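> Here you go, coords06.cif (mmCIF, C-alpha atoms and all ligand atoms):
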```cif
data_entry
loop_
_atom_site.label_atom_id
_atom_site.label_comp_id
_atom_site.auth_asym_id
_atom_site.auth_seq_id
_atom_site.Cartn_x
_atom_site.Cartn_y
_atom_site.Cartn_z
CA MET A 24 -1.81 74.46 -60.56
CA THR A 25 -0.54 71.07 -59.46
CA ALA A 26 -1.42 70.11 -55.88
CA ILE A 27 1.64 69.69 -53.68
CA ASP A 28 2.21 66.16 -52.45
CA VAL A 29 2.65 66.40 -48.67
CA ARG A 30 2.61 62.71 -47.83
CA PRO A 31 5.39 61.61 -45.45
CA SER A 32 8.09 59.04 -46.02
CA PRO A 33 6.84 55.51 -45.32
CA ASP A 34 7.27 54.49 -41.68
CA ALA A 35 9.11 51.32 -40.67
CA GLU A 36 5.88 49.34 -40.45
CA ALA A 37 4.77 50.33 -43.95
CA VAL A 38 8.21 49.50 -45.38
CA ALA A 39 8.28 46.11 -43.62
CA ALA A 40 4.80 45.29 -44.98
CA ALA A 41 5.86 46.34 -48.49
CA VAL A 42 9.01 44.19 -48.27
CA ALA A 43 6.99 41.20 -47.00
CA ALA A 44 4.54 41.55 -49.90
CA ALA A 45 7.39 41.81 -52.42
CA LEU A 46 9.10 38.71 -50.99
CA THR A 47 5.87 36.71 -51.24
CA THR A 48 5.70 37.56 -54.94
CA ILE A 49 9.38 36.75 -55.47
CA ASP A 50 8.89 33.38 -53.74
CA ARG A 51 6.06 32.59 -56.14
CA ASN A 52 8.15 33.70 -59.11
CA ILE A 53 11.12 31.56 -58.08
CA ALA A 54 8.76 28.58 -58.12
CA THR A 55 7.41 29.63 -61.54
CA PHE A 56 10.53 30.78 -63.38
CA GLY A 57 13.48 29.20 -61.54
CA THR A 58 16.52 29.81 -63.76
CA ASN A 59 14.32 30.86 -66.69
CA TYR A 60 13.48 34.53 -67.26
CA PRO A 61 10.24 36.49 -67.06
CA GLY A 62 9.49 38.78 -70.02
CA ASP A 63 10.49 42.45 -70.08
CA THR A 64 7.00 43.46 -69.00
CA THR A 65 3.84 41.84 -67.79
CA THR A 66 1.07 40.98 -70.22
CA GLY A 67 -2.28 41.79 -68.66
CA GLY A 68 -0.57 42.08 -65.27
CA ASN A 69 1.48 38.87 -65.31
CA TYR A 70 4.95 37.98 -66.52
CA LEU A 71 5.18 35.12 -68.98
CA ASP A 72 8.34 33.04 -69.46
CA ARG A 73 10.52 34.72 -72.12
CA GLY A 74 12.14 31.45 -73.17
CA GLY A 75 15.85 32.30 -72.93
CA ASN A 76 18.46 34.75 -71.72
CA PHE A 77 18.27 37.58 -74.26
CA GLY A 78 17.43 41.28 -74.23
CA TRP A 79 18.53 43.92 -71.73
CA THR A 80 16.35 43.09 -68.71
CA THR A 81 17.08 39.49 -67.67
CA SER A 82 19.56 40.48 -64.95
CA PHE A 83 16.87 42.30 -63.00
CA TRP A 84 15.43 38.89 -62.10
CA PRO A 85 18.56 37.54 -60.31
CA GLY A 86 19.17 41.13 -59.15
CA MET A 87 15.86 41.10 -57.25
CA THR A 88 16.62 37.68 -55.86
CA TRP A 89 19.99 38.86 -54.54
CA LEU A 90 18.19 41.79 -52.88
CA ALA A 91 15.81 39.30 -51.26
CA HIS A 92 18.88 37.50 -49.90
CA GLU A 93 20.42 40.74 -48.63
CA LEU A 94 17.12 41.75 -46.97
CA THR A 95 16.55 38.41 -45.23
CA GLY A 96 19.91 36.63 -44.98
CA ASP A 97 18.09 33.57 -46.37
CA ALA A 98 20.58 31.34 -48.22
CA SER A 99 17.88 29.87 -50.47
CA TYR A 100 17.57 33.25 -52.25
CA ALA A 101 21.35 33.30 -52.77
CA ARG A 102 21.20 29.80 -54.28
CA ALA A 103 18.34 30.77 -56.58
CA ALA A 104 20.14 33.93 -57.72
CA ALA A 105 23.50 32.20 -58.18
CA GLY A 106 21.77 29.65 -60.40
CA HIS A 107 21.71 32.33 -63.14
CA VAL A 108 25.49 32.76 -63.32
CA PRO A 109 26.09 29.89 -65.83
CA SER A 110 23.56 31.38 -68.25
CA PHE A 111 25.16 34.84 -68.11
CA ALA A 112 28.68 33.37 -68.38
CA ASP A 113 27.62 31.39 -71.44
CA ARG A 114 25.93 34.45 -72.97
CA ILE A 115 29.06 36.62 -72.84
CA HIS A 116 31.56 33.88 -73.69
CA SER A 117 29.50 32.83 -76.74
CA LEU A 118 28.81 36.50 -77.64
CA SER A 119 25.08 35.86 -77.82
CA ASP A 120 22.99 39.05 -78.04
CA VAL A 121 25.69 41.24 -76.52
CA ASP A 122 25.97 43.99 -79.18
CA THR A 123 24.53 46.53 -76.77
CA HIS A 124 25.66 49.04 -74.17
CA ASP A 125 23.29 47.32 -71.71
CA LEU A 126 26.09 44.97 -70.65
CA GLY A 127 26.36 47.11 -67.51
CA PHE A 128 22.77 46.47 -66.46
CA LEU A 129 23.14 42.81 -67.41
CA TYR A 130 26.46 41.94 -65.79
CA THR A 131 26.47 44.19 -62.71
CA LEU A 132 23.40 42.52 -61.25
CA SER A 133 23.94 38.98 -62.53
CA CYS A 134 27.70 38.64 -62.03
CA VAL A 135 29.36 41.51 -60.09
CA VAL A 136 26.89 40.91 -57.24
CA PRO A 137 27.68 37.16 -56.84
CA TRP A 138 31.37 37.98 -57.01
CA GLN A 139 30.98 40.57 -54.26
CA LEU A 140 28.60 38.54 -52.07
CA ALA A 141 29.78 34.98 -52.72
CA GLU A 142 33.26 35.24 -54.31
CA ASP A 143 31.96 33.44 -57.40
CA THR A 144 34.96 33.49 -59.75
CA VAL A 145 32.95 32.30 -62.77
CA ALA A 146 30.75 35.36 -62.25
CA ARG A 147 33.78 37.64 -61.84
CA ASP A 148 35.38 36.41 -65.06
CA ALA A 149 32.10 36.80 -66.96
CA ALA A 150 31.72 40.37 -65.68
CA VAL A 151 35.27 41.26 -66.77
CA ALA A 152 34.56 39.72 -70.20
CA ALA A 153 31.40 41.84 -70.42
CA ALA A 154 33.39 44.99 -69.57
CA ASP A 155 35.93 44.06 -72.28
CA HIS A 156 33.11 43.64 -74.78
CA LEU A 157 31.61 46.98 -73.76
CA LEU A 158 34.92 48.62 -74.68
CA THR A 159 34.51 47.32 -78.24
CA ARG A 160 31.58 49.74 -78.51
CA VAL A 161 33.68 52.86 -77.93
CA LEU A 162 33.51 55.27 -80.83
CA GLU A 163 36.56 57.46 -81.39
CA PRO A 164 37.17 60.36 -81.63
CA ALA A 165 33.90 61.21 -79.78
CA GLY A 166 34.86 58.95 -76.87
CA ILE A 167 31.33 57.69 -76.41
CA ILE A 168 29.97 54.16 -76.01
CA GLN A 169 27.56 53.44 -78.87
CA ALA A 170 24.26 52.30 -77.41
CA TRP A 171 22.60 50.01 -79.87
CA GLY A 172 23.27 47.77 -82.83
CA ASP A 173 26.18 47.04 -85.07
CA MET A 174 28.97 49.63 -84.93
CA SER A 175 28.71 50.11 -88.70
CA ASP A 176 24.90 50.51 -88.82
CA PRO A 177 24.40 54.06 -90.17
CA ARG A 178 21.16 54.49 -88.16
CA GLN A 179 22.90 53.66 -84.87
CA GLN A 180 26.46 54.79 -85.49
CA GLY A 181 27.58 57.54 -83.10
CA ARG A 182 24.43 57.34 -80.99
CA THR A 183 24.24 56.94 -77.26
CA ILE A 184 21.38 57.24 -74.82
CA ILE A 185 20.79 58.57 -71.32
CA ASP A 186 20.34 55.04 -69.88
CA SER A 187 24.01 54.38 -70.64
CA LEU A 188 24.93 56.20 -67.43
CA MET A 189 23.80 53.07 -65.58
CA ASN A 190 26.16 50.91 -67.64
CA THR A 191 29.39 52.74 -66.78
CA PRO A 192 29.55 51.35 -63.20
CA LEU A 193 30.58 47.98 -64.72
CA LEU A 194 33.60 49.73 -66.21
CA PHE A 195 34.58 51.37 -62.91
CA TRP A 196 34.28 47.96 -61.24
CA ALA A 197 36.42 46.37 -64.00
CA SER A 198 39.16 48.94 -63.36
CA SER A 199 39.10 48.20 -59.65
CA ILE A 200 39.25 44.41 -60.12
CA THR A 201 41.89 44.37 -62.89
CA GLY A 202 43.96 47.37 -61.79
CA GLU A 203 43.71 48.72 -65.36
CA SER A 204 42.54 52.32 -65.68
CA ARG A 205 41.39 52.03 -69.31
CA TYR A 206 37.85 50.95 -68.33
CA ALA A 207 37.34 53.87 -65.93
CA ASP A 208 38.92 56.32 -68.40
CA ILE A 209 36.31 55.44 -71.02
CA ALA A 210 33.47 55.61 -68.47
CA ARG A 211 34.58 59.08 -67.44
CA ARG A 212 34.89 60.43 -71.00
CA HIS A 213 31.50 58.99 -71.92
CA THR A 214 29.87 60.61 -68.88
CA GLU A 215 31.50 63.96 -69.69
CA GLN A 216 30.00 63.81 -73.20
CA LEU A 217 26.53 63.11 -71.78
CA ARG A 218 26.92 65.89 -69.21
CA ASP A 219 27.77 68.34 -72.01
CA ASN A 220 25.28 67.22 -74.64
CA ILE A 221 22.43 64.95 -73.52
CA LEU A 222 21.63 67.23 -70.57
CA ARG A 223 19.93 70.35 -71.93
CA PRO A 224 20.57 73.86 -70.53
CA ASP A 225 17.18 73.78 -68.73
CA GLY A 226 18.08 70.55 -66.88
CA THR A 227 15.84 68.28 -68.96
CA THR A 228 17.42 65.51 -71.06
CA PHE A 229 17.33 64.11 -74.55
CA HIS A 230 16.65 60.39 -74.67
CA THR A 231 19.32 59.73 -77.31
CA PHE A 232 22.08 61.84 -78.88
CA TYR A 233 24.27 61.49 -81.97
CA TRP A 234 27.93 62.35 -82.41
CA ASP A 235 29.58 62.59 -85.82
CA PRO A 236 31.37 59.23 -86.23
CA ALA A 237 34.19 60.78 -88.28
CA GLY A 238 34.91 64.07 -86.53
CA GLY A 239 33.45 63.33 -83.10
CA GLU A 240 31.38 66.54 -82.93
CA PRO A 241 28.03 66.48 -81.13
CA VAL A 242 25.21 66.51 -83.72
CA ARG A 243 21.65 66.28 -82.40
CA GLY A 244 19.26 64.80 -79.89
CA GLU A 245 16.48 62.45 -80.88
CA THR A 246 13.92 60.46 -78.95
CA GLU A 247 13.01 56.82 -79.30
CA GLN A 248 10.66 56.22 -76.36
CA GLY A 249 9.66 59.78 -75.45
CA SER A 250 6.79 61.89 -76.76
CA SER A 251 8.93 64.03 -79.10
CA ASP A 252 12.58 64.90 -79.72
CA GLU A 253 12.21 68.05 -77.63
CA SER A 254 10.18 66.56 -74.76
CA CYS A 255 11.63 64.85 -71.69
CA TRP A 256 11.07 61.10 -71.41
CA ALA A 257 10.37 60.46 -67.72
CA ARG A 258 12.46 57.33 -67.35
CA GLY A 259 15.37 58.96 -69.13
CA GLN A 260 15.31 61.81 -66.61
CA ALA A 261 15.28 59.24 -63.79
CA TRP A 262 18.23 57.38 -65.36
CA GLY A 263 19.96 60.79 -65.44
CA ILE A 264 19.44 61.38 -61.71
CA TYR A 265 20.70 57.97 -60.67
CA GLY A 266 23.29 57.57 -63.43
CA PHE A 267 25.04 60.91 -62.93
CA ALA A 268 24.93 60.36 -59.15
CA LEU A 269 26.66 56.98 -59.51
CA ASN A 270 29.26 58.37 -61.91
CA HIS A 271 29.92 61.12 -59.36
CA ARG A 272 30.43 58.50 -56.67
CA HIS A 273 32.89 56.58 -58.84
CA THR A 274 34.93 59.61 -59.95
CA GLY A 275 34.41 62.32 -57.32
CA ASP A 276 33.85 64.76 -60.21
CA PRO A 277 31.59 67.51 -58.77
CA SER A 278 30.23 68.35 -62.23
CA PHE A 279 28.61 64.90 -62.36
CA ARG A 280 26.87 65.53 -59.05
CA ALA A 281 25.73 68.92 -60.34
CA ALA A 282 24.34 67.17 -63.44
CA ALA A 283 22.45 64.68 -61.24
CA GLU A 284 21.00 67.54 -59.20
CA ARG A 285 19.87 69.39 -62.32
CA CYS A 286 18.10 66.23 -63.50
CA ALA A 287 16.54 65.84 -60.04
CA GLU A 288 15.25 69.42 -59.92
CA ARG A 289 13.48 69.15 -63.28
CA PHE A 290 12.11 65.70 -62.45
CA LEU A 291 10.69 66.90 -59.13
CA ASP A 292 9.17 70.10 -60.41
CA ARG A 293 7.33 68.23 -63.18
CA LEU A 294 5.78 65.56 -60.96
CA PRO A 295 1.99 65.32 -60.79
CA ALA A 296 -0.02 65.46 -57.55
CA ASP A 297 0.71 61.88 -56.49
CA SER A 298 4.49 62.13 -57.20
CA VAL A 299 4.58 59.35 -59.82
CA PRO A 300 5.35 60.77 -63.27
CA TYR A 301 3.50 60.24 -66.49
CA TRP A 302 5.64 58.43 -69.07
CA ASP A 303 6.87 61.74 -70.49
CA LEU A 304 7.35 64.78 -68.26
CA VAL A 305 5.53 66.89 -70.84
CA PHE A 306 2.29 65.36 -69.51
CA GLY A 307 0.50 66.36 -66.31
CA ASP A 308 -2.67 65.55 -64.43
CA GLY A 309 -5.67 65.60 -66.72
CA SER A 310 -3.62 64.52 -69.76
CA GLY A 311 -5.16 61.05 -69.77
CA GLN A 312 -1.70 59.56 -70.33
CA GLU A 313 -0.25 56.58 -68.45
CA ARG A 314 2.17 56.78 -65.53
CA ASP A 315 5.59 55.18 -65.54
CA SER A 316 5.98 53.74 -62.06
CA SER A 317 9.43 52.43 -63.01
CA ALA A 318 10.69 55.99 -63.55
CA ALA A 319 9.51 56.80 -60.03
CA ALA A 320 11.32 53.78 -58.53
CA ILE A 321 14.58 54.62 -60.33
CA ALA A 322 14.32 58.24 -59.21
CA VAL A 323 13.87 57.17 -55.56
CA CYS A 324 17.16 55.26 -55.73
CA GLY A 325 18.89 58.22 -57.38
CA LEU A 326 17.55 60.75 -54.90
CA LEU A 327 18.58 58.57 -51.95
CA THR A 328 22.05 58.26 -53.48
CA LEU A 329 22.29 62.06 -53.73
CA GLY A 330 21.11 62.33 -50.11
CA GLY A 331 20.38 65.47 -48.10
CA ASP A 332 17.09 66.37 -46.42
CA ARG A 333 15.34 67.72 -49.52
CA TYR A 334 16.08 64.75 -51.78
CA ARG A 335 15.43 62.21 -49.01
CA ALA A 336 12.03 63.80 -48.31
CA ALA A 337 11.14 63.78 -52.02
CA ALA A 338 12.23 60.14 -52.30
CA GLY A 339 10.07 59.31 -49.28
CA ARG A 340 6.98 60.93 -50.82
CA ILE A 341 7.46 59.07 -54.09
CA LEU A 342 8.07 55.76 -52.31
CA THR A 343 4.96 56.17 -50.15
CA SER A 344 2.91 56.73 -53.29
CA LEU A 345 4.41 53.64 -54.93
CA ILE A 346 3.72 51.47 -51.87
CA ASP A 347 0.18 52.76 -51.37
CA ASP A 348 -1.12 53.05 -54.92
CA TYR A 349 1.20 51.26 -57.38
CA SER A 350 2.49 48.13 -55.66
CA THR A 351 0.78 44.76 -56.02
CA ALA A 352 0.69 44.25 -52.22
CA GLY A 353 -2.60 42.51 -51.47
CA LYS A 354 -3.21 41.85 -55.18
CA PRO A 355 -2.19 38.22 -55.79
CA ASP A 356 -3.64 38.35 -59.33
CA SER A 357 -0.36 39.94 -60.54
CA ASN A 358 3.17 38.48 -60.35
CA ALA A 359 4.88 41.88 -60.68
CA LEU A 360 5.91 44.02 -57.70
CA LEU A 361 4.77 47.30 -59.27
CA ARG A 362 1.85 48.06 -61.57
CA HIS A 363 1.38 50.93 -64.02
CA GLY A 364 4.71 51.14 -65.81
CA VAL A 365 5.34 52.03 -69.45
CA TYR A 366 8.10 50.46 -71.56
CA ASP A 367 7.67 52.17 -74.94
CA LYS A 368 4.48 54.14 -75.50
CA PRO A 369 5.24 55.28 -79.07
CA LYS A 370 5.55 51.63 -80.12
CA GLY A 371 2.72 50.45 -77.86
CA VAL A 372 4.95 48.03 -75.92
CA GLY A 373 4.39 47.33 -72.23
CA VAL A 374 1.96 50.22 -71.70
CA ASP A 375 0.35 50.33 -68.24
CA GLU A 376 2.05 47.07 -67.27
CA GLY A 377 4.55 45.95 -64.68
CA ASN A 378 8.17 45.63 -65.83
CA LEU A 379 11.29 43.90 -64.54
CA TRP A 380 13.40 47.04 -64.03
CA GLY A 381 10.58 48.82 -62.18
CA ASP A 382 10.29 45.83 -59.86
CA TYR A 383 14.05 45.69 -59.32
CA PHE A 384 14.44 49.40 -58.49
CA TYR A 385 11.32 49.36 -56.27
CA LEU A 386 12.89 46.54 -54.24
CA GLU A 387 16.24 48.38 -54.26
CA ALA A 388 14.44 51.47 -52.90
CA LEU A 389 12.81 49.37 -50.17
CA THR A 390 16.20 47.82 -49.37
CA ARG A 391 17.75 51.27 -49.05
CA VAL A 392 15.13 52.48 -46.55
CA THR A 393 15.04 49.16 -44.64
CA ARG A 394 18.81 49.05 -44.25
CA PRO A 395 20.37 52.53 -44.40
CA ASP A 396 23.79 50.86 -43.96
CA TRP A 397 23.30 48.79 -47.17
CA SER A 398 25.80 49.35 -49.99
CA ASP A 399 24.50 49.00 -53.51
CA HIS A 400 26.54 47.14 -56.14
CA TRP A 401 26.48 49.72 -58.95
N1 LIG B 1 17.01 51.07 -70.87
C1 LIG B 1 15.85 50.98 -71.68
C2 LIG B 1 14.66 51.60 -71.06
O1 LIG B 1 14.73 52.22 -70.02
O2 LIG B 1 13.60 51.44 -71.64
#
```
Could you render the structure from this file as structure tokens?

Amino acid sequence: MTAIDVRPSPDAEAVAAAVAAALTTIDRNIATFGTNYPGDTTTGGNYLDRGGNFGWTTSFWPGMTWLAHELTGDASYARAAAGHVPSFADRIHSLSDVDTHDLGFLYTLSCVVPWQLAEDTVARDAAVAAADHLLTRVLEPAGIIQAWGDMSDPRQQGRTIIDSLMNTPLLFWASSITGESRYADIARRHTEQLRDNILRPDGTTFHTFYWDPAGGEPVRGETEQGSSDESCWARGQAWGIYGFALNHRHTGDPSFRAAAERCAERFLDRLPADSVPYWDLVFGDGSGQERDSSAAAIAVCGLLTLGGDRYRAAAGRILTSLIDDYSTAGKPDSNALLRHGVYDKPKGVGVDEGNLWGDYFYLEALTRVTRPDWSDHW
């Protein structure tokens, strides 16, 4: 039987120390990377320069820097973060590596945030262009946003993935800024399809799911980064908690909140003794498998968004574990904020390493508990 984690939420002193340690690392990374981009994951505990703005994770770097600004009020963080806007504007306007649903992750943090915090109109226009490009990935008649690859690639056609729930906030924002409902309408239909098909009856989730491109019928679930098609990839379940919660906030649809709660219940009842999941929820203590600290950090943000005593207490336990046993506080030999994440175990990529999204959501979690009045930008 799994031991019950009874640790309390971190107190104000522990949170302040964790924030101070994170800011020290971010300061060092600004000096190292500037307007370049760290890799998706660390290599032997340290990020290397990736050499350009490509892939799905680059926005987490300015995203973290904007959080540092919001935590401290220090204008130098805002300048460092805003320095990434030209690169993201160029990427979308030149259509460079943008055939992906991850435009939401990329453009919410890199461009919606500087529009909201600094009225940067170049950033605003780039974010609207990214939302327009995301709409080119809608597959009718299913009404889903295809996740990966060329729209005519038979391997990818009709496929979406649980992570996509974090990309729809860009569409809700685009509707609010343009006054055009077509972005939000697509986001809502897409989320309804995931609610009905990617979420299983027992509250676990498929990583990816296919719809028939011609008829639009749901076909089958399949994993890419989980242990098996029928298992439950830990980070996917965390994306489900936070993603359905955000889609509920944008639409007010109670079925999206119910979906987020079902994801949360399964996530919580499959946690090991220290409240940080193994990379697939099929694994427990004694399995010898690696943890995915990034799944824990994402789940904390989702649980805090859901709110209520039970989810806040669970988020507090997970965050305490991350601060105490997974953060790099006091470990200057790493330039990540969190250790022990997993990117893609089946392919052997980023296993037991830090990663940019884990760092971002860890700092977002710390921001949420430091400033309960803070409004996220999703
Ligand atoms: N969104 C890709 C991942 O979570 O690995």
> So which one's closest to ligand LIG 1 (chain B), A:Pro395, A:Gly96, A:Gly259, A:Pro109? Using only C-alpha atoms and all ligand atoms, please.
A:Gly259
> With all atoms listed in the file as the atoms that count, which of A:Asp276, A:Asp122, A:Asp72, A:Asp367 lies nearest to ligand LIG 1 (chain B)?
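Looking at the shortest contact to ligand LIG 1 (chain B), the residue is A:Asp367.
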> Dump the neighbourhood of ligand LIG 1 (chain B) as a tab-separated table (two decimals) with C-alpha atoms, in the coordinates of the input: all residues within 8 Å, distances computed on all atoms listed in the file.

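What follows is the written file result-v5.tsv:
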```tsv
chain	number	residue	atom	x	y	z
A	79	TRP	CA	18.53	43.92	-71.73
A	125	ASP	CA	23.29	47.32	-71.71
A	186	ASP	CA	20.34	55.04	-69.88
A	187	SER	CA	24.01	54.38	-70.64
A	248	GLN	CA	10.66	56.22	-76.36
A	258	ARG	CA	12.46	57.33	-67.35
A	259	GLY	CA	15.37	58.96	-69.13
A	262	TRP	CA	18.23	57.38	-65.36
A	366	TYR	CA	8.10	50.46	-71.56
A	367	ASP	CA	7.67	52.17	-74.94
```
> Residues near Leu194 in chain A, anyone? I mean within 10 Å using all atoms listed in the file, not counting same-chain ones fewer than 5 positions away, as a short mmCIF file (atom, residue, chain, number, x, y, z; two decimals) with C-alpha atoms, in the coordinates of the input.

```cif
data_model
loop_
_atom_site.label_atom_id
_atom_site.label_comp_id
_atom_site.auth_asym_id
_atom_site.auth_seq_id
_atom_site.Cartn_x
_atom_site.Cartn_y
_atom_site.Cartn_z
CA LEU A 126 26.09 44.97 -70.65
CA GLY A 127 26.36 47.11 -67.51
CA THR A 131 26.47 44.19 -62.71
CA ALA A 150 31.72 40.37 -65.68
CA VAL A 151 35.27 41.26 -66.77
CA ALA A 153 31.40 41.84 -70.42
CA ALA A 154 33.39 44.99 -69.57
CA ASP A 155 35.93 44.06 -72.28
CA LEU A 157 31.61 46.98 -73.76
CA LEU A 158 34.92 48.62 -74.68
CA SER A 199 39.10 48.20 -59.65
CA ILE A 200 39.25 44.41 -60.12
CA SER A 204 42.54 52.32 -65.68
CA ARG A 205 41.39 52.03 -69.31
CA TYR A 206 37.85 50.95 -68.33
CA ALA A 207 37.34 53.87 -65.93
CA ASP A 208 38.92 56.32 -68.40
CA ILE A 209 36.31 55.44 -71.02
CA ALA A 210 33.47 55.61 -68.47
CA ARG A 211 34.58 59.08 -67.44
#
```
> Any idea what the distance is between CA of Leu304 in chain A and CA of Arg362 in chain A?
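These atoms are spaced 18.8 Å apart.
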> Taking (1.1, 39.9, -60.5) in the file's own coordinates, collect the residues within 12 Å, counting all atoms listed in the file, and hand them back as a VMD selection string.
chain A and resid 44 to 45 47 to 49 51 to 52 61 64 to 71 349 to 363 376 to 379 382
> Got a sec: who's within 10 Å of Gly244 in chain A, counting only C-alpha atoms, leaving out chain neighbours fewer than 2 positions off, as a VMD selection string?
chain A and resid 182 to 184 220 to 223 228 to 234 241 to 242 246 252 to 253
